[in-house]
Structure formats: C-alpha cells, structure tokens
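Next comes coords-v5.txt, a file with compact mmCIF, C-alpha atoms.
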# COMPACT_ATOMS: atom_id res chain seq x y z
CA GLN A 758 2.74 -12.26 23.41
CA VAL A 759 1.53 -9.67 20.92
CA GLN A 760 3.26 -9.83 17.56
CA LEU A 761 2.72 -8.05 14.25
CA VAL A 762 4.71 -9.20 11.22
CA GLU A 763 4.68 -7.28 7.96
CA SER A 764 5.47 -8.84 4.60
CA GLY A 765 4.99 -8.14 0.91
CA GLY A 766 7.39 -5.26 0.40
CA GLY A 767 9.76 -5.08 -2.54
CA VAL A 768 10.92 -3.05 -5.51
CA VAL A 769 8.35 -1.95 -8.06
CA GLN A 770 8.25 0.48 -10.97
CA PRO A 771 6.12 3.63 -10.86
CA GLY A 772 2.52 2.73 -11.63
CA GLY A 773 2.96 -0.76 -10.23
CA SER A 774 1.22 -2.48 -7.35
CA LEU A 775 2.11 -4.29 -4.14
CA ARG A 776 0.04 -5.89 -1.40
CA LEU A 777 1.38 -5.73 2.11
CA SER A 778 0.25 -8.13 4.82
CA CYS A 779 0.28 -7.65 8.57
CA GLU A 780 -0.05 -11.00 10.31
CA THR A 781 -0.96 -10.63 13.96
CA SER A 782 -0.75 -13.05 16.87
CA GLY A 783 -1.18 -13.01 20.61
CA PHE A 784 -4.58 -11.32 20.42
CA SER A 785 -7.83 -11.58 18.51
CA LEU A 786 -7.97 -9.01 15.72
CA ASP A 787 -11.68 -8.29 16.26
CA TYR A 788 -12.30 -4.86 17.79
CA TYR A 789 -8.66 -3.76 17.63
CA GLY A 790 -7.76 -0.74 15.55
CA ILE A 791 -4.88 -1.41 13.16
CA GLY A 792 -2.93 1.19 11.28
CA TRP A 793 -0.40 1.21 8.47
CA PHE A 794 2.39 3.76 8.68
CA ARG A 795 5.47 4.57 6.67
CA GLN A 796 8.77 6.24 7.28
CA ALA A 797 11.12 7.48 4.62
CA PRO A 798 14.79 8.26 5.37
CA GLY A 799 15.12 11.53 7.24
CA LYS A 800 11.36 11.94 7.62
CA GLU A 801 8.91 11.41 10.44
CA ARG A 802 6.70 8.35 10.57
CA GLN A 803 3.33 9.12 9.01
CA GLY A 804 -0.01 7.41 8.99
CA VAL A 805 -1.12 5.90 5.68
CA ALA A 806 -4.35 4.02 6.41
CA CYS A 807 -6.16 2.50 9.32
CA THR A 808 -9.09 0.19 10.02
CA SER A 809 -11.38 -0.19 13.00
CA LYS A 810 -14.33 -2.35 14.00
CA SER A 811 -16.68 -0.74 16.47
CA ILE A 812 -17.04 -2.66 19.73
CA ILE A 813 -20.51 -1.09 20.06
CA ASN A 814 -22.18 -2.00 16.77
CA GLY A 815 -19.59 -4.04 14.84
CA VAL A 816 -19.40 -1.54 11.98
CA GLU A 817 -16.01 -1.43 10.27
CA SER A 818 -14.47 1.87 9.20
CA THR A 819 -11.36 2.97 7.35
CA THR A 820 -9.36 6.18 7.10
CA TYR A 821 -6.73 7.17 4.56
CA ALA A 822 -4.10 9.84 4.31
CA GLU A 823 -4.88 12.32 1.53
CA SER A 824 -1.73 11.36 -0.33
CA VAL A 825 -2.89 7.76 -0.83
CA LYS A 826 -6.65 8.13 -1.24
CA GLY A 827 -7.86 6.36 -4.35
CA ARG A 828 -4.62 4.39 -4.66
CA PHE A 829 -4.34 2.37 -1.42
CA THR A 830 -6.93 0.08 0.11
CA ILE A 831 -6.81 -1.32 3.63
CA SER A 832 -8.74 -4.45 4.52
CA ARG A 833 -8.85 -7.00 7.29
CA ASP A 834 -9.54 -10.71 7.51
CA ASN A 835 -10.35 -11.33 11.16
CA SER A 836 -10.49 -15.10 10.62
CA LYS A 837 -6.83 -15.02 9.57
CA ASN A 838 -5.83 -12.28 12.04
CA THR A 839 -4.36 -10.39 9.09
CA VAL A 840 -4.66 -6.84 7.81
CA TYR A 841 -3.75 -6.00 4.22
CA LEU A 842 -2.68 -2.86 2.41
CA GLN A 843 -3.25 -3.00 -1.33
CA MET A 844 -1.13 -0.32 -2.98
CA ASP A 845 -1.84 0.56 -6.61
CA ASN A 846 -0.44 3.19 -8.95
CA LEU A 847 2.64 3.51 -6.79
CA GLU A 848 4.76 6.63 -7.01
CA PRO A 849 8.42 7.25 -6.10
CA GLY A 850 7.17 9.29 -3.14
CA ASP A 851 5.69 6.10 -1.67
CA THR A 852 9.17 4.72 -1.08
CA ALA A 853 9.55 4.03 2.63
CA VAL A 854 9.59 1.36 5.30
CA TYR A 855 6.00 0.38 6.00
CA TYR A 856 4.86 -0.63 9.47
CA CYS A 857 1.62 -1.92 10.91
CA ALA A 858 0.61 -1.16 14.47
CA LYS A 859 -2.13 -2.00 16.97
CA ARG A 860 -4.18 0.20 19.29
CA GLY A 861 -5.81 -0.87 22.52
CA LEU A 862 -8.98 -2.98 22.66
CA GLY A 863 -12.04 -1.05 21.51
CA LEU A 864 -10.14 2.09 20.53
CA MET A 865 -10.77 3.38 17.05
CA ALA A 866 -7.77 3.47 14.75
CA THR A 867 -6.21 6.80 13.86
CA LEU A 868 -3.37 8.00 11.65
CA GLN A 869 -1.35 9.20 14.64
CA PRO A 870 1.65 6.99 15.48
CA LEU A 871 1.62 7.98 19.16
CA ASP A 872 -1.83 6.38 19.57
CA TYR A 873 -0.41 2.88 19.00
CA ASP A 874 1.11 0.48 21.49
CA ASP A 875 2.52 -2.39 19.45
CA TRP A 876 4.45 -2.29 16.19
CA GLY A 877 5.82 -4.67 13.63
CA GLN A 878 9.39 -4.63 12.37
CA GLY A 879 8.55 -3.05 9.01
CA THR A 880 8.87 -3.98 5.35
CA GLN A 881 10.71 -1.95 2.72
CA VAL A 882 8.83 -0.62 -0.30
CA THR A 883 10.89 0.95 -3.07
CA VAL A 884 9.28 2.56 -6.10
CA SER A 885 11.84 3.24 -8.78
CA SER A 886 12.31 2.98 -12.52

Encoding of this model in structure tokens:
Amino acid sequence: QVQLVESGGGVVQPGGSLRLSCETSGFSLDYYGIGWFRQAPGKERQGVACTSKSIINGVESTTYAESVKGRFTISRDNSKNTVYLQMDNLEPGDTAVYYCAKRGLGLMATLQPLDYDDWGQGTQVTVSS
C-alpha cells in the first residue's frame, strides 16, 4: 500500500526556516518523481518543487517554482525513502498546507498537480510575526 506522510510543519516568523519531510512506504523511492505542493485557503494547489531520478541514466534533477527559487531546497534520501523540503527565508506568502505527491514509475516529476497519483495528508506551515 502506497503511503506518503508529511511532517515538519509549524509556525515560524518571517525570515525563519523549516524542514519538511515526506516519508514514503509501499514502494521504492528510486526512479519515482516526487513533488511538493502547497495550497493556501481559497487558492488552487500549486507546485513548489519536485525531484526526479532518470530511469535511463540515474541522473537526478530538480525543478522549483519561481516564487521559491533560492529559498527552498528539495532533496531525497532513497535509502530512507524520504524526500525533504528545506525552506529558508520564509515569507507570509508561504503560509499554506504543504503536500508531497508521487508520480508513476519512471515518469519525471513536474509542478503540475494533475500529473500525480498518490498524495500525503499535508502539513500546515504558517509564517507570521
């Protein structure tokens, strides 16, 4: 049974940092694209960052939304079946529920929510002074 469980959310002041974790089970993380998404109240779910490992040559790649480039870093530890999202210099506009999601085997990750099959339950991030 495929499961994705997010953790690490919380309340932080502007300029602060958080590290989110996405623990996966029921599949081997290798060669699966994983994305981080967020959804603020009244807004559509949007892609934040994603990571892929090519099934052809094993090269890992990452993609970021423009709004988080230079502030967020996505990484994966395949041995722990976990994907991380390090969020630095947080802004009030980053306040949202953050979700991780999985694409199909061998498919490169994207920032489009409709490309993903399995989702976690989300973790709340609140940036406020």

Contacts of Gln770 in chain A at 12 Å (all atoms listed in the file; same-chain gap of 3+ positions) as a PDB file with C-alpha atoms, in the frame of the given file:
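Okay, selection00.pdb is ready:
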ATOM      1  CA  GLY A 767       9.760  -5.080  -2.540  1.00  0.00           C
ATOM      2  CA  GLY A 773       2.960  -0.760 -10.230  1.00  0.00           C
ATOM      3  CA  SER A 774       1.220  -2.480  -7.350  1.00  0.00           C
ATOM      4  CA  LEU A 775       2.110  -4.290  -4.140  1.00  0.00           C
ATOM      5  CA  ASP A 845      -1.840   0.560  -6.610  1.00  0.00           C
ATOM      6  CA  ASN A 846      -0.440   3.190  -8.950  1.00  0.00           C
ATOM      7  CA  LEU A 847       2.640   3.510  -6.790  1.00  0.00           C
ATOM      8  CA  GLU A 848       4.760   6.630  -7.010  1.00  0.00           C
ATOM      9  CA  PRO A 849       8.420   7.250  -6.100  1.00  0.00           C
ATOM     10  CA  GLY A 850       7.170   9.290  -3.140  1.00  0.00           C
ATOM     11  CA  ASP A 851       5.690   6.100  -1.670  1.00  0.00           C
ATOM     12  CA  THR A 852       9.170   4.720  -1.080  1.00  0.00           C
ATOM     13  CA  VAL A 882       8.830  -0.620  -0.300  1.00  0.00           C
ATOM     14  CA  THR A 883      10.890   0.950  -3.070  1.00  0.00           C
ATOM     15  CA  VAL A 884       9.280   2.560  -6.100  1.00  0.00           C
ATOM     16  CA  SER A 885      11.840   3.240  -8.780  1.00  0.00           C
ATOM     17  CA  SER A 886      12.310   2.980 -12.520  1.00  0.00           C
TER      18      SER A 886
END

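Proximity ranking of A:Cys807, A:Val816, A:Val840, A:Leu777 relative to Tyr873 in chain A places A:Cys807 first, based on only C-alpha atoms.
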
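The closest residue to Ser818 in chain A, picked from A:Gly804, A:Gly783, A:Gly790, A:Pro870 and counting all atoms listed in the file, is A:Gly790.
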
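The nearest approach to Arg860 in chain A among the residues A:Tyr841, A:Phe794, A:Trp876, A:Tyr821, with all atoms listed in the file taken into account, belongs to A:Trp876.
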
Residue contacts of Leu862 in chain A (12 Å, all atoms listed in the file) excluding same-chain residues fewer than 4 positions away, as a ChimeraX atom specification: /A:784-791,809-813,866,873-875

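A distance cut-off of 7 Å around (-6.3, -1.4, 1.3), counting only C-alpha atoms, selects these protein and nucleic acid residues: Phe829, Thr830, Ile831, Ser832, Tyr841, Leu842, Gln843 and Met844 of chain A.
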
The centre and edge lengths of an axis-aligned box containing all atoms of range 771-776 of chain A present in the file, extended by 8 Å on each side, are to be given in Å to one decimal, as AutoDock Vina command-line options.
--center_x 3.1 --center_y -1.1 --center_z -6.5 --size_x 22.1 --size_y 25.5 --size_z 26.2

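Interatomic distance, CA of Gln881 in chain A against CA of Ser836 in chain A: 26.2 Å.
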
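Here CA of Glu763 in chain A and CA of Pro798 in chain A stand 18.7 Å from one another.
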
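Restricting the calculation to all atoms listed in the file, the smallest distance between Gln803 in chain A and any of A:Thr839, A:Ser778, A:Ser824, A:Gln758 is found for A:Ser824.
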
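The residue that comes closest to Val759 in chain A, out of A:Gly861, A:Pro771, A:Gly827, A:Gly879 and on the basis of only C-alpha atoms, is A:Gly861.
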
Pairwise distance for CA of Glu801 in chain A and CA of Leu871 in chain A, rounded to one decimal in Å: 11.9 Å

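Of the listed residues A:Ala806, A:Gln878, A:Glu780, A:Gly772, the one whose atoms come nearest to Val825 in chain A is A:Ala806, with distances taken using all atoms listed in the file.
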
Given the point (5.0, 0.5, 1.9) in the coordinates of this file, which residues lie within 6 Å, counting all atoms listed in the file, and how would they look as number ranges by chain? A: 853-855, 882
